[in-house]
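Okay, so here's the structure we're looking at.
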Amino acid sequence: MKLGDKIKKLFGLPVIEDHVWDDLVDMLIESDLSPAYAMQLGDTLRKSIKKSGDLSIDSIKRSLAAMMKIDLLSAKLPPAGPELEVVMLLGVNGVGKTSTAAKLAHYFQKQSESGTVILAAADTFRAAAIEQLKIHGQRLGARVVAQEHGSDAGAVIYDALQAATTAHANLLVADTAGRMHNKLNLVRELEKIDKIITARVKPANYRKLLVLDATTGTNALRQAEIFSEAVRIDGIIMTKLDSTARGGMLATICRELKLPVFFVCDGESYANIQPFDADSYLQGLLDL
């Protein structure tokens with residue numbers, strides 16, 4: 001049952017007893033909001049509703065949406081320009097980084113018919129990631145810069161930057177390894193890649209986006225915390241934000257880590273990616 005349906009059932013009683021507000025907090029936590037955030041929202045909503053006296057389901061859900069919207073942060077990639085834009089995708093294995101790289105390429109191609117995108121297969125630890133990205137590149141008509149399995153990821157990035165410069169490309173999307181996000185060697189690898197890019201690309205044209213799986217709940221917050229400690233993260237791409245995900249963790253990450261959301265993905269096809277919109281997100285979460 002979706003959060004919006006649970007709220008409708010909870011507040012659809014003739015009399016609203018005090019325990020209902022505790023039940024609401026529990027529902028918010030079950031929807032992957034952090035306990036502290038859920039308690040704050042529940043307390044603020046209770047005071048607001050008691051003051052207004054409006055106990056209609058629509059009013060309760062819209063009041064909750066207004067409170068959450070304050071904490072939701074969004075950001076967008078700039079449109080194609082004369083200078084190369086670089087997006088490095090970070091995240092643990094299994095969150096959908098490689099398919100997200102392909103979706104970003106497809107999105108960019110649709111937004112800019114004359115723009116050129118290059119994909120960098122910098123996840124050299126997982127051979128399947130290299131082959132998968134090559135297949136995506138063939139389907140999309142985008143060049144994929146790759147080396148052999150086990151190659152130096154920094155060398156792949158260097159080659160990709162060279163290729164992008166030669167081709168006058170507008171966007172370079174780099175897929176990176178995601179094994180064991182708390183491993184020191186992975187942090188060092190990301191730092192090395194970061195130095196290679198920052199030496200050749202202006203800060204305003206370079207973004208490090210963390211890919212998170214909406215179905216992993218509190219694990220997504222922990223991943224965001226660890227990656228933020230390792231490298232400076234510019235924002236989030238949330239995958240699998242469809243009917244299988246409770247979705248509340250996205251709001252928690254925005255509030256607690258102050259990270260904006262760039263894109264959300266809600267399906268497997270290339271078209272299932274869109275810029276994050278707070279109103280659409282809340283509409284889906286609360287069934288407005």
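By order in the structure tokens, chains are A, B, ...; within a chain, residues start at 1; ligands start at 1, following the order shown.
Residues with any atom within 7 Å of stretch 130-138 of chain A, counting only C-alpha atoms and excluding same-chain neighbours fewer than 4 positions away, are Thr98, Ala102, Ala121, Asp123, Thr124, Ala142, Arg143, Val144 and Ala146 of chain A.
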So that I have them on file, write out the residues from the current selection with N, CA, C and O atoms, as a compact mmCIF listing (two decimals), in the first residue's frame.
```
# COMPACT_ATOMS: atom_id res chain seq x y z
N THR A 98 25.76 1.79 -15.05
CA THR A 98 26.03 1.62 -16.48
C THR A 98 24.80 1.94 -17.32
O THR A 98 24.88 2.65 -18.32
N ALA A 102 23.95 5.21 -20.05
CA ALA A 102 23.30 5.12 -21.36
C ALA A 102 22.05 6.01 -21.42
O ALA A 102 21.79 6.66 -22.44
N ALA A 121 34.16 3.83 -20.39
CA ALA A 121 33.99 2.61 -19.60
C ALA A 121 35.10 2.52 -18.56
O ALA A 121 36.03 1.72 -18.67
N ASP A 123 34.73 1.61 -15.46
CA ASP A 123 34.57 0.50 -14.52
C ASP A 123 35.32 -0.68 -15.11
O ASP A 123 34.74 -1.58 -15.73
N THR A 124 36.62 -0.68 -14.92
CA THR A 124 37.45 -1.73 -15.51
C THR A 124 37.54 -2.96 -14.62
O THR A 124 38.12 -3.98 -15.01
N ALA A 142 26.65 6.13 -30.00
CA ALA A 142 27.61 6.94 -29.23
C ALA A 142 28.93 6.19 -29.10
O ALA A 142 28.94 4.98 -28.88
N ARG A 143 30.02 6.88 -29.26
CA ARG A 143 31.33 6.25 -29.13
C ARG A 143 31.60 5.87 -27.68
O ARG A 143 31.29 6.64 -26.76
N VAL A 144 32.16 4.69 -27.48
CA VAL A 144 32.54 4.22 -26.15
C VAL A 144 34.06 4.05 -26.11
O VAL A 144 34.63 3.32 -26.93
N ALA A 146 37.09 2.52 -24.22
CA ALA A 146 37.28 1.44 -23.26
C ALA A 146 38.65 0.80 -23.46
O ALA A 146 39.28 0.95 -24.52
```
**OP:** Using DSSP on the backbone coordinates, identify the residues of stretch 53-202 of chain A assigned to strand (DSSP E or B); present them as an NGL selection string.
**Re:** :A and (74 or 85-90 or 117-122 or 143-145 or 171-176)
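All residues of protein, DNA or RNA that reach within 8 Å of stretch 234-241 of chain A, judged by only C-alpha atoms and not counting those fewer than 3 positions away in the chain, are Ala75, Val95, Gly96, Thr100, Arg207, Lys208, Leu209, Leu210, Val211, Leu212, Asp213, Ala214, Thr215, Thr244, Ala245, Gly247, Leu250, Leu259, Pro260, Val261, Phe262, Phe263, Val264, Cys265, Asp266 and Gly267 of chain A.
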Output the selection as an mmCIF file, in the first residue's frame - N, CA and C atoms for each residue.
```
data_model
loop_
_atom_site.group_PDB
_atom_site.id
_atom_site.type_symbol
_atom_site.label_atom_id
_atom_site.label_comp_id
_atom_site.auth_asym_id
_atom_site.auth_seq_id
_atom_site.Cartn_x
_atom_site.Cartn_y
_atom_site.Cartn_z
ATOM 1 N N ALA A 75 18.709 20.159 -9.192
ATOM 2 C CA ALA A 75 19.692 20.837 -10.038
ATOM 3 C C ALA A 75 19.602 20.235 -11.429
ATOM 4 N N VAL A 95 23.405 -0.585 -8.509
ATOM 5 C CA VAL A 95 22.449 0.531 -8.460
ATOM 6 C C VAL A 95 22.008 0.975 -9.854
ATOM 7 N N GLY A 96 22.732 0.513 -10.884
ATOM 8 C CA GLY A 96 22.350 0.864 -12.254
ATOM 9 C C GLY A 96 23.180 1.962 -12.880
ATOM 10 N N THR A 100 22.387 3.820 -16.381
ATOM 11 C CA THR A 100 22.119 5.244 -16.195
ATOM 12 C C THR A 100 22.998 6.084 -17.116
ATOM 13 N N ARG A 207 30.802 17.502 -13.205
ATOM 14 C CA ARG A 207 29.932 17.114 -12.097
ATOM 15 C C ARG A 207 30.110 15.649 -11.739
ATOM 16 N N LYS A 208 30.141 15.403 -10.446
ATOM 17 C CA LYS A 208 30.206 14.038 -9.917
ATOM 18 C C LYS A 208 28.827 13.706 -9.343
ATOM 19 N N LEU A 209 28.133 12.780 -9.982
ATOM 20 C CA LEU A 209 26.774 12.440 -9.587
ATOM 21 C C LEU A 209 26.737 11.033 -9.010
ATOM 22 N N LEU A 210 26.147 10.909 -7.848
ATOM 23 C CA LEU A 210 26.034 9.630 -7.157
ATOM 24 C C LEU A 210 24.738 8.947 -7.557
ATOM 25 N N VAL A 211 24.853 7.721 -8.053
ATOM 26 C CA VAL A 211 23.681 6.948 -8.454
ATOM 27 C C VAL A 211 23.242 6.074 -7.285
ATOM 28 N N LEU A 212 21.986 6.207 -6.895
ATOM 29 C CA LEU A 212 21.430 5.460 -5.769
ATOM 30 C C LEU A 212 20.181 4.704 -6.205
ATOM 31 N N ASP A 213 19.986 3.559 -5.595
ATOM 32 C CA ASP A 213 18.842 2.699 -5.880
ATOM 33 C C ASP A 213 17.740 2.989 -4.863
ATOM 34 N N ALA A 214 16.583 3.433 -5.341
ATOM 35 C CA ALA A 214 15.491 3.821 -4.447
ATOM 36 C C ALA A 214 14.954 2.659 -3.627
ATOM 37 N N THR A 215 15.180 1.434 -4.083
ATOM 38 C CA THR A 215 14.622 0.279 -3.371
ATOM 39 C C THR A 215 15.489 -0.169 -2.196
ATOM 40 N N THR A 244 7.892 -0.100 -7.153
ATOM 41 C CA THR A 244 8.531 -1.027 -6.217
ATOM 42 C C THR A 244 9.276 -0.304 -5.104
ATOM 43 N N ALA A 245 9.433 1.003 -5.220
ATOM 44 C CA ALA A 245 10.196 1.768 -4.234
ATOM 45 C C ALA A 245 9.273 2.596 -3.355
ATOM 46 N N GLY A 247 10.448 5.278 -1.700
ATOM 47 C CA GLY A 247 10.796 6.591 -2.219
ATOM 48 C C GLY A 247 11.150 7.673 -1.229
ATOM 49 N N LEU A 250 14.820 9.604 -0.696
ATOM 50 C CA LEU A 250 15.274 10.721 -1.518
ATOM 51 C C LEU A 250 15.124 12.038 -0.766
ATOM 52 N N LEU A 259 22.231 17.515 -0.645
ATOM 53 C CA LEU A 259 22.602 17.168 -2.008
ATOM 54 C C LEU A 259 21.391 17.319 -2.922
ATOM 55 N N PRO A 260 21.533 18.029 -4.035
ATOM 56 C CA PRO A 260 20.406 18.162 -4.955
ATOM 57 C C PRO A 260 20.233 16.909 -5.809
ATOM 58 N N VAL A 261 19.040 16.732 -6.326
ATOM 59 C CA VAL A 261 18.745 15.609 -7.214
ATOM 60 C C VAL A 261 18.720 16.128 -8.647
ATOM 61 N N PHE A 262 19.492 15.498 -9.517
ATOM 62 C CA PHE A 262 19.539 15.889 -10.924
ATOM 63 C C PHE A 262 18.502 15.130 -11.754
ATOM 64 N N PHE A 263 18.487 13.802 -11.606
ATOM 65 C CA PHE A 263 17.593 12.980 -12.411
ATOM 66 C C PHE A 263 16.994 11.867 -11.564
ATOM 67 N N VAL A 264 15.854 11.357 -12.018
ATOM 68 C CA VAL A 264 15.277 10.140 -11.465
ATOM 69 C C VAL A 264 14.982 9.204 -12.628
ATOM 70 N N CYS A 265 15.128 7.906 -12.369
ATOM 71 C CA CYS A 265 14.846 6.881 -13.374
ATOM 72 C C CYS A 265 13.743 5.984 -12.838
ATOM 73 N N ASP A 266 12.782 5.682 -13.696
ATOM 74 C CA ASP A 266 11.628 4.916 -13.230
ATOM 75 C C ASP A 266 11.301 3.739 -14.145
ATOM 76 N N GLY A 267 12.299 3.219 -14.826
ATOM 77 C CA GLY A 267 12.072 2.083 -15.714
ATOM 78 C C GLY A 267 13.359 1.653 -16.383
#
```
Sorted per-residue table, stretch 12-66 of chain A near stretch 274-283 of chain A, closest atoms and distance, 10 Å, only C-alpha atoms, as JSON lines:
```
{"residue": "A:Lys61", "atom": "CA", "partner": "A:Gln283", "partner_atom": "CA", "distance": 9.5}
{"residue": "A:Arg62", "atom": "CA", "partner": "A:Leu282", "partner_atom": "CA", "distance": 9.3}
{"residue": "A:Leu64", "atom": "CA", "partner": "A:Leu282", "partner_atom": "CA", "distance": 9.3}
{"residue": "A:Ala65", "atom": "CA", "partner": "A:Leu282", "partner_atom": "CA", "distance": 6.2}
{"residue": "A:Ala66", "atom": "CA", "partner": "A:Leu282", "partner_atom": "CA", "distance": 9.1}
```
May I have the selected residues written with N, CA, C and O atoms, as a PDB file, in the first residue's frame?
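As a result, again_34.pdb now contains:
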```pdb
ATOM      1  N   LYS A  61      -2.542  15.762   3.316  1.00  0.00           N
ATOM      2  CA  LYS A  61      -1.507  15.356   2.370  1.00  0.00           C
ATOM      3  C   LYS A  61      -0.821  16.565   1.738  1.00  0.00           C
ATOM      4  O   LYS A  61       0.401  16.572   1.546  1.00  0.00           O
ATOM      5  N   ARG A  62      -1.579  17.596   1.456  1.00  0.00           N
ATOM      6  CA  ARG A  62      -0.981  18.781   0.842  1.00  0.00           C
ATOM      7  C   ARG A  62      -0.119  19.551   1.852  1.00  0.00           C
ATOM      8  O   ARG A  62       0.902  20.131   1.476  1.00  0.00           O
ATOM      9  N   LEU A  64       1.560  18.126   4.275  1.00  0.00           N
ATOM     10  CA  LEU A  64       2.772  17.316   4.382  1.00  0.00           C
ATOM     11  C   LEU A  64       3.670  17.535   3.172  1.00  0.00           C
ATOM     12  O   LEU A  64       4.898  17.665   3.305  1.00  0.00           O
ATOM     13  N   ALA A  65       3.074  17.627   1.999  1.00  0.00           N
ATOM     14  CA  ALA A  65       3.850  17.861   0.781  1.00  0.00           C
ATOM     15  C   ALA A  65       4.559  19.214   0.835  1.00  0.00           C
ATOM     16  O   ALA A  65       5.724  19.339   0.435  1.00  0.00           O
ATOM     17  N   ALA A  66       3.857  20.235   1.336  1.00  0.00           N
ATOM     18  CA  ALA A  66       4.452  21.572   1.421  1.00  0.00           C
ATOM     19  C   ALA A  66       5.652  21.586   2.365  1.00  0.00           C
ATOM     20  O   ALA A  66       6.656  22.257   2.104  1.00  0.00           O
TER      21      ALA A  66
END
```
Original post:
Which of these, A:Leu119, A:Ala80, A:Ala36, A:Leu257, has the shortest distance to A:Leu172 once you count only C-alpha atoms?
Top reply: A:Leu119
